Amino acid sequence: MTTREINISYTEYDSIGQLSPEDRELATAAIKASENAYTPYSHFNVGAAIRLSNGKIVTGSNQENMAYPSGLCAERTAMFHAAAQYPDAVMETLAIAGCKDGELCRIPATPCGACRQVMAEYQTRGGRPMEIIMVGAEKIWKFSRVDDILPLIFDSLK
């Protein structure tokens, strides 16, 4: 028997102003994208913004539907749109911002498991780490790769 340990690393910022200009632009785009969410049931708006290797920023927001689970998370909305519109571009960085009742959440909203797995597949497809930025009003967390938010990525079909 062998006991193993998984370690993750991330950077924590106290405000959006501490981010690099490039990351600040992406975080701001995610916050703005949350305004386009359709959330008549949860009133929890999430925005996502992805910087692609071609320099484009693609955004998405969560979209709820009365026929749950027919809605879709902001992260997957943005990733699927990016992949459909720019299939040859690599997803370099993804920023996520969650808002409740029109206010940015105090601590970052974290992606669901399904979104993490989709991020992992696009990271693998891109051939390099995808950075993840989770934006909150009092804390911002930046991860250098998807593996740090989904350490045991499902890839058994390869």
# chains A, B, ... in the order shown; residues from 1 in each chain; ligands from 1
>>> closest_atom_pairs(of="range 26-97 of chain A", to="range 118-127 of chain A", cutoff="10 Å", atoms="only C-alpha atoms", output="tab-separated table")
residue	atom	partner	partner_atom	distance
A:Ser53	CA	A:Gly126	CA	9.6
A:Glu75	CA	A:Met119	CA	8.4
A:Arg76	CA	A:Val118	CA	7.2
A:Met79	CA	A:Met119	CA	7.8
A:Phe80	CA	A:Val118	CA	9.2
A:Ala83	CA	A:Tyr122	CA	8.7
A:Asp88	CA	A:Gly126	CA	8.9
A:Ala89	CA	A:Gly126	CA	8.0
A:Val90	CA	A:Gly126	CA	5.0
A:Met91	CA	A:Gly126	CA	6.8
A:Glu92	CA	A:Gln123	CA	8.2
A:Thr93	CA	A:Gln123	CA	9.9
A:Leu94	CA	A:Met119	CA	8.9
>>> write_last_selection(atoms="N, CA and C atoms", output="PDB file, in the first residue's frame")
ATOM      1  N   SER A  53      -5.953  32.046 -27.426  1.00  0.00           N
ATOM      2  CA  SER A  53      -4.599  32.244 -27.943  1.00  0.00           C
ATOM      3  C   SER A  53      -4.554  33.229 -29.111  1.00  0.00           C
ATOM      4  N   GLU A  75     -19.641  28.949 -17.427  1.00  0.00           N
ATOM      5  CA  GLU A  75     -18.354  28.454 -17.890  1.00  0.00           C
ATOM      6  C   GLU A  75     -18.502  27.627 -19.163  1.00  0.00           C
ATOM      7  N   ARG A  76     -19.463  26.703 -19.155  1.00  0.00           N
ATOM      8  CA  ARG A  76     -19.662  25.856 -20.338  1.00  0.00           C
ATOM      9  C   ARG A  76     -20.248  26.657 -21.487  1.00  0.00           C
ATOM     10  N   MET A  79     -17.165  28.324 -22.914  1.00  0.00           N
ATOM     11  CA  MET A  79     -16.237  27.379 -23.546  1.00  0.00           C
ATOM     12  C   MET A  79     -16.806  26.801 -24.840  1.00  0.00           C
ATOM     13  N   PHE A  80     -18.079  26.419 -24.820  1.00  0.00           N
ATOM     14  CA  PHE A  80     -18.673  25.831 -26.020  1.00  0.00           C
ATOM     15  C   PHE A  80     -18.762  26.873 -27.138  1.00  0.00           C
ATOM     16  N   ALA A  83     -15.198  27.320 -28.524  1.00  0.00           N
ATOM     17  CA  ALA A  83     -14.794  26.177 -29.350  1.00  0.00           C
ATOM     18  C   ALA A  83     -15.525  26.154 -30.686  1.00  0.00           C
ATOM     19  N   ASP A  88      -9.661  26.494 -33.620  1.00  0.00           N
ATOM     20  CA  ASP A  88      -8.206  26.306 -33.621  1.00  0.00           C
ATOM     21  C   ASP A  88      -7.499  27.105 -32.538  1.00  0.00           C
ATOM     22  N   ALA A  89      -8.231  27.926 -31.799  1.00  0.00           N
ATOM     23  CA  ALA A  89      -7.627  28.744 -30.746  1.00  0.00           C
ATOM     24  C   ALA A  89      -7.600  27.966 -29.433  1.00  0.00           C
ATOM     25  N   VAL A  90      -6.530  28.140 -28.687  1.00  0.00           N
ATOM     26  CA  VAL A  90      -6.382  27.500 -27.379  1.00  0.00           C
ATOM     27  C   VAL A  90      -7.000  28.404 -26.309  1.00  0.00           C
ATOM     28  N   MET A  91      -7.702  27.806 -25.371  1.00  0.00           N
ATOM     29  CA  MET A  91      -8.255  28.554 -24.246  1.00  0.00           C
ATOM     30  C   MET A  91      -7.146  28.724 -23.217  1.00  0.00           C
ATOM     31  N   GLU A  92      -6.667  29.952 -23.057  1.00  0.00           N
ATOM     32  CA  GLU A  92      -5.530  30.209 -22.181  1.00  0.00           C
ATOM     33  C   GLU A  92      -5.928  30.486 -20.738  1.00  0.00           C
ATOM     34  N   THR A  93      -6.913  31.349 -20.538  1.00  0.00           N
ATOM     35  CA  THR A  93      -7.328  31.738 -19.190  1.00  0.00           C
ATOM     36  C   THR A  93      -8.835  31.889 -19.158  1.00  0.00           C
ATOM     37  N   LEU A  94      -9.461  31.395 -18.095  1.00  0.00           N
ATOM     38  CA  LEU A  94     -10.902  31.513 -17.906  1.00  0.00           C
ATOM     39  C   LEU A  94     -11.150  32.202 -16.569  1.00  0.00           C
TER      40      LEU A  94
END
>>> residues_around(residues="Pro40 in chain A", least_positions_apart="4", cutoff="10 Å", atoms="only C-alpha atoms", output="ChimeraX atom specification")
/A:44-45,63-66
>>> atom_distance(atom1="CA of Leu150 in chain A", atom2="CA of Cys73 in chain A")
17.0 Å
>>> select_by_dssp(residues="range 52-115 of chain A", states="helix (DSSP H, G or I)", output="list in words")
Ala74, Glu75, Arg76, Thr77, Ala78, Met79, Phe80, His81, Ala82, Ala83, Ala84, Gln85, Gly113, Ala114 and Cys115 of chain A
>>> write_last_selection(atoms="N, CA, C and O atoms", output="PDB file, in the first residue's frame")
ATOM      1  N   ALA A  74     -22.374  29.251 -16.838  1.00  0.00           N
ATOM      2  CA  ALA A  74     -21.646  30.292 -17.570  1.00  0.00           C
ATOM      3  C   ALA A  74     -20.357  29.763 -18.181  1.00  0.00           C
ATOM      4  O   ALA A  74     -20.012  30.100 -19.323  1.00  0.00           O
ATOM      5  N   GLU A  75     -19.641  28.949 -17.427  1.00  0.00           N
ATOM      6  CA  GLU A  75     -18.354  28.454 -17.890  1.00  0.00           C
ATOM      7  C   GLU A  75     -18.502  27.627 -19.163  1.00  0.00           C
ATOM      8  O   GLU A  75     -17.777  27.814 -20.140  1.00  0.00           O
ATOM      9  N   ARG A  76     -19.463  26.703 -19.155  1.00  0.00           N
ATOM     10  CA  ARG A  76     -19.662  25.856 -20.338  1.00  0.00           C
ATOM     11  C   ARG A  76     -20.248  26.657 -21.487  1.00  0.00           C
ATOM     12  O   ARG A  76     -19.904  26.423 -22.648  1.00  0.00           O
ATOM     13  N   THR A  77     -21.117  27.625 -21.185  1.00  0.00           N
ATOM     14  CA  THR A  77     -21.648  28.484 -22.244  1.00  0.00           C
ATOM     15  C   THR A  77     -20.489  29.168 -22.972  1.00  0.00           C
ATOM     16  O   THR A  77     -20.426  29.176 -24.201  1.00  0.00           O
ATOM     17  N   ALA A  78     -19.561  29.726 -22.211  1.00  0.00           N
ATOM     18  CA  ALA A  78     -18.415  30.427 -22.803  1.00  0.00           C
ATOM     19  C   ALA A  78     -17.482  29.461 -23.537  1.00  0.00           C
ATOM     20  O   ALA A  78     -17.042  29.748 -24.654  1.00  0.00           O
ATOM     21  N   MET A  79     -17.165  28.324 -22.914  1.00  0.00           N
ATOM     22  CA  MET A  79     -16.237  27.379 -23.546  1.00  0.00           C
ATOM     23  C   MET A  79     -16.806  26.801 -24.840  1.00  0.00           C
ATOM     24  O   MET A  79     -16.093  26.702 -25.843  1.00  0.00           O
ATOM     25  N   PHE A  80     -18.079  26.419 -24.820  1.00  0.00           N
ATOM     26  CA  PHE A  80     -18.673  25.831 -26.020  1.00  0.00           C
ATOM     27  C   PHE A  80     -18.762  26.873 -27.138  1.00  0.00           C
ATOM     28  O   PHE A  80     -18.521  26.564 -28.300  1.00  0.00           O
ATOM     29  N   HIS A  81     -19.078  28.108 -26.773  1.00  0.00           N
ATOM     30  CA  HIS A  81     -19.130  29.177 -27.775  1.00  0.00           C
ATOM     31  C   HIS A  81     -17.734  29.407 -28.366  1.00  0.00           C
ATOM     32  O   HIS A  81     -17.575  29.522 -29.583  1.00  0.00           O
ATOM     33  N   ALA A  82     -16.732  29.461 -27.503  1.00  0.00           N
ATOM     34  CA  ALA A  82     -15.354  29.676 -27.965  1.00  0.00           C
ATOM     35  C   ALA A  82     -14.915  28.554 -28.904  1.00  0.00           C
ATOM     36  O   ALA A  82     -14.320  28.812 -29.959  1.00  0.00           O
ATOM     37  N   ALA A  83     -15.198  27.320 -28.524  1.00  0.00           N
ATOM     38  CA  ALA A  83     -14.794  26.177 -29.350  1.00  0.00           C
ATOM     39  C   ALA A  83     -15.525  26.154 -30.686  1.00  0.00           C
ATOM     40  O   ALA A  83     -14.946  25.782 -31.713  1.00  0.00           O
ATOM     41  N   ALA A  84     -16.786  26.580 -30.685  1.00  0.00           N
ATOM     42  CA  ALA A  84     -17.559  26.585 -31.920  1.00  0.00           C
ATOM     43  C   ALA A  84     -17.124  27.712 -32.860  1.00  0.00           C
ATOM     44  O   ALA A  84     -17.068  27.524 -34.079  1.00  0.00           O
ATOM     45  N   GLN A  85     -16.793  28.865 -32.302  1.00  0.00           N
ATOM     46  CA  GLN A  85     -16.434  30.016 -33.122  1.00  0.00           C
ATOM     47  C   GLN A  85     -14.953  30.064 -33.493  1.00  0.00           C
ATOM     48  O   GLN A  85     -14.595  30.585 -34.545  1.00  0.00           O
ATOM     49  N   GLY A 113     -18.683  20.543 -10.857  1.00  0.00           N
ATOM     50  CA  GLY A 113     -17.860  19.438 -11.327  1.00  0.00           C
ATOM     51  C   GLY A 113     -17.924  19.245 -12.837  1.00  0.00           C
ATOM     52  O   GLY A 113     -16.914  18.958 -13.476  1.00  0.00           O
ATOM     53  N   ALA A 114     -19.126  19.391 -13.421  1.00  0.00           N
ATOM     54  CA  ALA A 114     -19.257  19.229 -14.870  1.00  0.00           C
ATOM     55  C   ALA A 114     -18.420  20.274 -15.603  1.00  0.00           C
ATOM     56  O   ALA A 114     -17.730  19.959 -16.580  1.00  0.00           O
ATOM     57  N   CYS A 115     -18.459  21.520 -15.131  1.00  0.00           N
ATOM     58  CA  CYS A 115     -17.663  22.580 -15.767  1.00  0.00           C
ATOM     59  C   CYS A 115     -16.172  22.307 -15.614  1.00  0.00           C
ATOM     60  O   CYS A 115     -15.393  22.525 -16.542  1.00  0.00           O
TER      61      CYS A 115
END
>>> select_by_dssp(residues="range 8-133 of chain A", states="strand (DSSP E or B)", output="number ranges by chain")
A: 10-13, 38, 44-52, 57-61, 63, 72, 91-100, 103-104, 131-133
>>> closest_residue(among="A:Ala48, A:Leu152, A:Ile133, A:Ile16", to="Asn62 in chain A", atoms="only C-alpha atoms")
A:Ala48
>>> closest_residue(among="A:Leu26, A:Val46, A:Ala137, A:Met130", to="Thr110 in chain A", atoms="only C-alpha atoms")
A:Val46
>>> atom_distance(atom1="CA of Cys99 in chain A", atom2="CA of Val135 in chain A")
9.9 Å
>>> residues_around(residues="Lys100 in chain A", least_positions_apart="2", cutoff="8 Å", atoms="only C-alpha atoms", output="PyMOL selection string")
chain A and resi 43-45+98+102-105
>>> write_last_selection(atoms="N, CA, C and O atoms", output="PDB file, in the first residue's frame")
ATOM      1  N   HIS A  43     -31.698  33.405  -9.018  1.00  0.00           N
ATOM      2  CA  HIS A  43     -31.234  34.796  -8.871  1.00  0.00           C
ATOM      3  C   HIS A  43     -29.733  34.832  -8.571  1.00  0.00           C
ATOM      4  O   HIS A  43     -29.251  35.765  -7.929  1.00  0.00           O
ATOM      5  N   PHE A  44     -29.019  33.818  -9.027  1.00  0.00           N
ATOM      6  CA  PHE A  44     -27.567  33.732  -8.852  1.00  0.00           C
ATOM      7  C   PHE A  44     -26.941  33.825 -10.234  1.00  0.00           C
ATOM      8  O   PHE A  44     -26.945  32.860 -10.997  1.00  0.00           O
ATOM      9  N   ASN A  45     -26.442  35.003 -10.557  1.00  0.00           N
ATOM     10  CA  ASN A  45     -25.870  35.259 -11.874  1.00  0.00           C
ATOM     11  C   ASN A  45     -24.383  34.926 -11.886  1.00  0.00           C
ATOM     12  O   ASN A  45     -23.655  35.355 -11.001  1.00  0.00           O
ATOM     13  N   GLY A  98     -19.368  35.336  -9.789  1.00  0.00           N
ATOM     14  CA  GLY A  98     -20.723  35.049  -9.347  1.00  0.00           C
ATOM     15  C   GLY A  98     -21.320  36.244  -8.614  1.00  0.00           C
ATOM     16  O   GLY A  98     -20.644  36.883  -7.807  1.00  0.00           O
ATOM     17  N   GLY A 102     -27.559  41.071  -7.719  1.00  0.00           N
ATOM     18  CA  GLY A 102     -26.882  42.205  -8.325  1.00  0.00           C
ATOM     19  C   GLY A 102     -25.556  42.594  -7.713  1.00  0.00           C
ATOM     20  O   GLY A 102     -24.923  43.546  -8.149  1.00  0.00           O
ATOM     21  N   GLU A 103     -25.099  41.870  -6.711  1.00  0.00           N
ATOM     22  CA  GLU A 103     -23.830  42.183  -6.042  1.00  0.00           C
ATOM     23  C   GLU A 103     -22.832  41.042  -6.245  1.00  0.00           C
ATOM     24  O   GLU A 103     -23.187  39.872  -6.097  1.00  0.00           O
ATOM     25  N   LEU A 104     -21.591  41.403  -6.545  1.00  0.00           N
ATOM     26  CA  LEU A 104     -20.536  40.413  -6.661  1.00  0.00           C
ATOM     27  C   LEU A 104     -20.396  39.687  -5.329  1.00  0.00           C
ATOM     28  O   LEU A 104     -20.358  40.321  -4.270  1.00  0.00           O
ATOM     29  N   CYS A 105     -20.358  38.368  -5.364  1.00  0.00           N
ATOM     30  CA  CYS A 105     -20.234  37.577  -4.134  1.00  0.00           C
ATOM     31  C   CYS A 105     -18.949  37.950  -3.392  1.00  0.00           C
ATOM     32  O   CYS A 105     -17.931  38.250  -4.013  1.00  0.00           O
TER      33      CYS A 105
END
>>> closest_residue(among="A:Thr2, A:Tyr86, A:Gln18, A:Thr39", to="Val58 in chain A", atoms="only C-alpha atoms")
A:Tyr86
>>> residues_around(residues="Ser144 in chain A", least_positions_apart="6", cutoff="10 Å", atoms="only C-alpha atoms", output="PDB file with C-alpha atoms, in the first residue's frame")
ATOM      1  CA  ILE A   8      -2.583  22.374  -5.062  1.00  0.00           C
ATOM      2  CA  SER A   9      -1.255  25.846  -5.361  1.00  0.00           C
ATOM      3  CA  TYR A  10      -3.023  29.114  -6.080  1.00  0.00           C
ATOM      4  CA  THR A  11      -2.529  32.822  -5.671  1.00  0.00           C
ATOM      5  CA  THR A  93      -7.328  31.738 -19.190  1.00  0.00           C
ATOM      6  CA  PRO A 129      -2.310  24.554 -18.864  1.00  0.00           C
ATOM      7  CA  MET A 130      -5.426  26.718 -18.752  1.00  0.00           C
ATOM      8  CA  GLU A 131      -5.376  29.312 -15.970  1.00  0.00           C
ATOM      9  CA  ILE A 132      -8.530  29.763 -13.910  1.00  0.00           C
ATOM     10  CA  ILE A 133      -9.430  33.012 -12.118  1.00  0.00           C
TER      11      ILE A 133
END
>>> atom_distance(atom1="CA of Glu12 in chain A", atom2="CA of Ile107 in chain A")
11.0 Å
>>> residues_around(residues="Arg24 in chain A", least_positions_apart="4", cutoff="12 Å", atoms="only C-alpha atoms", output="VMD selection string")
chain A and resid 13 15 to 20 28 to 31 49 51 93 to 96 133 to 135 140 142
>>> closest_residue(among="A:Glu22, A:Arg128, A:Pro111, A:Pro69", to="Ile149 in chain A", atoms="only C-alpha atoms")
A:Pro111
